[in-house]
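Enquirer: Dropping a structure here in structure tokens format, bear with me for questions.
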Amino acid sequence: MKTIEIHTEEIRLDQFLKWANLVSSGGEAKMLIVDGMVRINGEVITSRGKKIRPGDELDIEGLEETLKVERAV
């Protein structure tokens, strides 16, 4: 499991994917999300505006490891 730190209480899913360097653009993030390739805490998410919070775990199709979101100190 890989940990990704965020500096806010929450972040939108599309912004998180860019922050974690998993995609290079918002358009690429949108395609992953709309195509149902992202799961948060085991649930498939198709909304770019879904809020990600510390403690959430993300699985992305094609990515071998789970991402754990933590709050940066």
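Residue numbering restarts at 1 for every chain of the structure tokens, chains are lettered A, B, ... in their displayed order, and ligands are numbered from 1 as they appear.
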Within 12 Å of Leu32 (chain A), counting only C-alpha atoms, which residues show up once you throw out same-chain ones fewer than 3 positions away? Write them as a ChimeraX atom specification, please.

Expert: /A:13-14,17-18,22-29,35-39,44-48,59-63

Enquirer: Using only C-alpha atoms, determine which residues lie at most 6 Å from region 50-58 of chain A, disregarding the query and same-chain residues fewer than 3 positions distant; provide the list as a ChimeraX atom specification.

Expert: /A:10-13,39-41,47,66-71

Enquirer: For the residues selected in the previous step, produce a file with C-alpha atoms as a tab-separated table (two decimals), in the first residue's frame.

Expert:
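This is the output file again-v5.tsv:
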```tsv
chain	number	residue	atom	x	y	z
A	10	GLU	CA	-10.53	16.96	1.59
A	11	ILE	CA	-9.74	17.05	-2.12
A	12	ARG	CA	-11.82	16.31	-5.21
A	13	LEU	CA	-11.13	12.95	-6.84
A	39	ARG	CA	-12.73	2.56	-6.48
A	40	ILE	CA	-12.77	4.39	-3.16
A	41	ASN	CA	-13.04	2.16	-0.10
A	47	SER	CA	-18.17	11.35	-10.14
A	66	THR	CA	-3.75	0.46	-3.21
A	67	LEU	CA	-3.34	4.14	-2.33
A	68	LYS	CA	-3.99	5.27	1.25
A	69	VAL	CA	-4.79	8.95	1.76
A	70	GLU	CA	-3.26	10.63	4.83
A	71	ARG	CA	-3.22	14.18	6.12
```

Enquirer: Could you pull out the strand (DSSP E) residues of chain A from DSSP and send them as an MDAnalysis selection string?

Expert: chainID A and resid 2:6 11:12 38:40 43:44 51:52 57:60 67:71

Enquirer: Could you please take those selected residues and save N, CA and C atoms as a short mmCIF file (atom, residue, chain, number, x, y, z; two decimals), in the first residue's frame?

Expert:
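Output file again07.cif is given in full below:
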```cif
data_model
loop_
_atom_site.label_atom_id
_atom_site.label_comp_id
_atom_site.auth_asym_id
_atom_site.auth_seq_id
_atom_site.Cartn_x
_atom_site.Cartn_y
_atom_site.Cartn_z
N LYS A 2 0.58 2.16 -0.87
CA LYS A 2 1.34 3.41 -0.98
C LYS A 2 0.53 4.53 -0.32
N THR A 3 1.20 5.37 0.44
CA THR A 3 0.55 6.49 1.12
C THR A 3 0.75 7.77 0.32
N ILE A 4 -0.35 8.50 0.14
CA ILE A 4 -0.32 9.82 -0.51
C ILE A 4 -0.83 10.83 0.51
N GLU A 5 -0.03 11.85 0.79
CA GLU A 5 -0.43 12.87 1.76
C GLU A 5 -1.10 14.05 1.06
N ILE A 6 -2.15 14.56 1.70
CA ILE A 6 -2.79 15.78 1.23
C ILE A 6 -2.67 16.83 2.34
N ILE A 11 -10.15 16.67 -0.77
CA ILE A 11 -9.74 17.05 -2.12
C ILE A 11 -10.65 16.32 -3.10
N ARG A 12 -10.98 16.96 -4.19
CA ARG A 12 -11.82 16.31 -5.21
C ARG A 12 -11.04 15.17 -5.85
N VAL A 38 -11.98 3.65 -11.07
CA VAL A 38 -11.52 4.08 -9.75
C VAL A 38 -12.49 3.59 -8.68
N ARG A 39 -11.94 2.97 -7.64
CA ARG A 39 -12.73 2.56 -6.48
C ARG A 39 -12.20 3.28 -5.25
N ILE A 40 -13.12 3.78 -4.44
CA ILE A 40 -12.77 4.39 -3.16
C ILE A 40 -13.41 3.54 -2.08
N GLU A 43 -15.77 0.93 -3.37
CA GLU A 43 -16.94 1.33 -4.16
C GLU A 43 -16.50 2.03 -5.45
N VAL A 44 -17.03 1.59 -6.58
CA VAL A 44 -16.73 2.23 -7.86
C VAL A 44 -17.32 3.64 -7.85
N LYS A 51 -15.45 13.70 -2.96
CA LYS A 51 -14.44 14.20 -2.03
C LYS A 51 -13.62 13.05 -1.45
N ILE A 52 -12.31 13.22 -1.48
CA ILE A 52 -11.38 12.26 -0.90
C ILE A 52 -10.92 12.84 0.42
N GLU A 57 -9.10 4.79 0.97
CA GLU A 57 -8.22 3.93 0.19
C GLU A 57 -8.73 3.87 -1.23
N LEU A 58 -7.83 4.08 -2.19
CA LEU A 58 -8.20 4.09 -3.60
C LEU A 58 -7.53 2.95 -4.34
N ASP A 59 -8.31 2.32 -5.19
CA ASP A 59 -7.79 1.31 -6.12
C ASP A 59 -8.10 1.79 -7.52
N ILE A 60 -7.09 1.77 -8.36
CA ILE A 60 -7.25 2.22 -9.73
C ILE A 60 -6.89 1.06 -10.65
N LEU A 67 -3.81 2.86 -2.85
CA LEU A 67 -3.34 4.14 -2.33
C LEU A 67 -4.10 4.49 -1.07
N LYS A 68 -3.38 4.85 -0.02
CA LYS A 68 -3.99 5.27 1.25
C LYS A 68 -3.77 6.77 1.38
N VAL A 69 -4.85 7.50 1.65
CA VAL A 69 -4.79 8.95 1.76
C VAL A 69 -4.55 9.32 3.22
N GLU A 70 -3.56 10.16 3.48
CA GLU A 70 -3.26 10.63 4.83
C GLU A 70 -3.13 12.14 4.81
N ARG A 71 -3.36 12.73 5.96
CA ARG A 71 -3.22 14.18 6.12
C ARG A 71 -1.76 14.50 6.43
#
```

Enquirer: List every residue of chain A that DSSP, applied to the backbone of this structure, assigns to helix (DSSP H, G or I), and report them as a VMD selection string.

Expert: chain A and resid 13 to 19 26 to 34
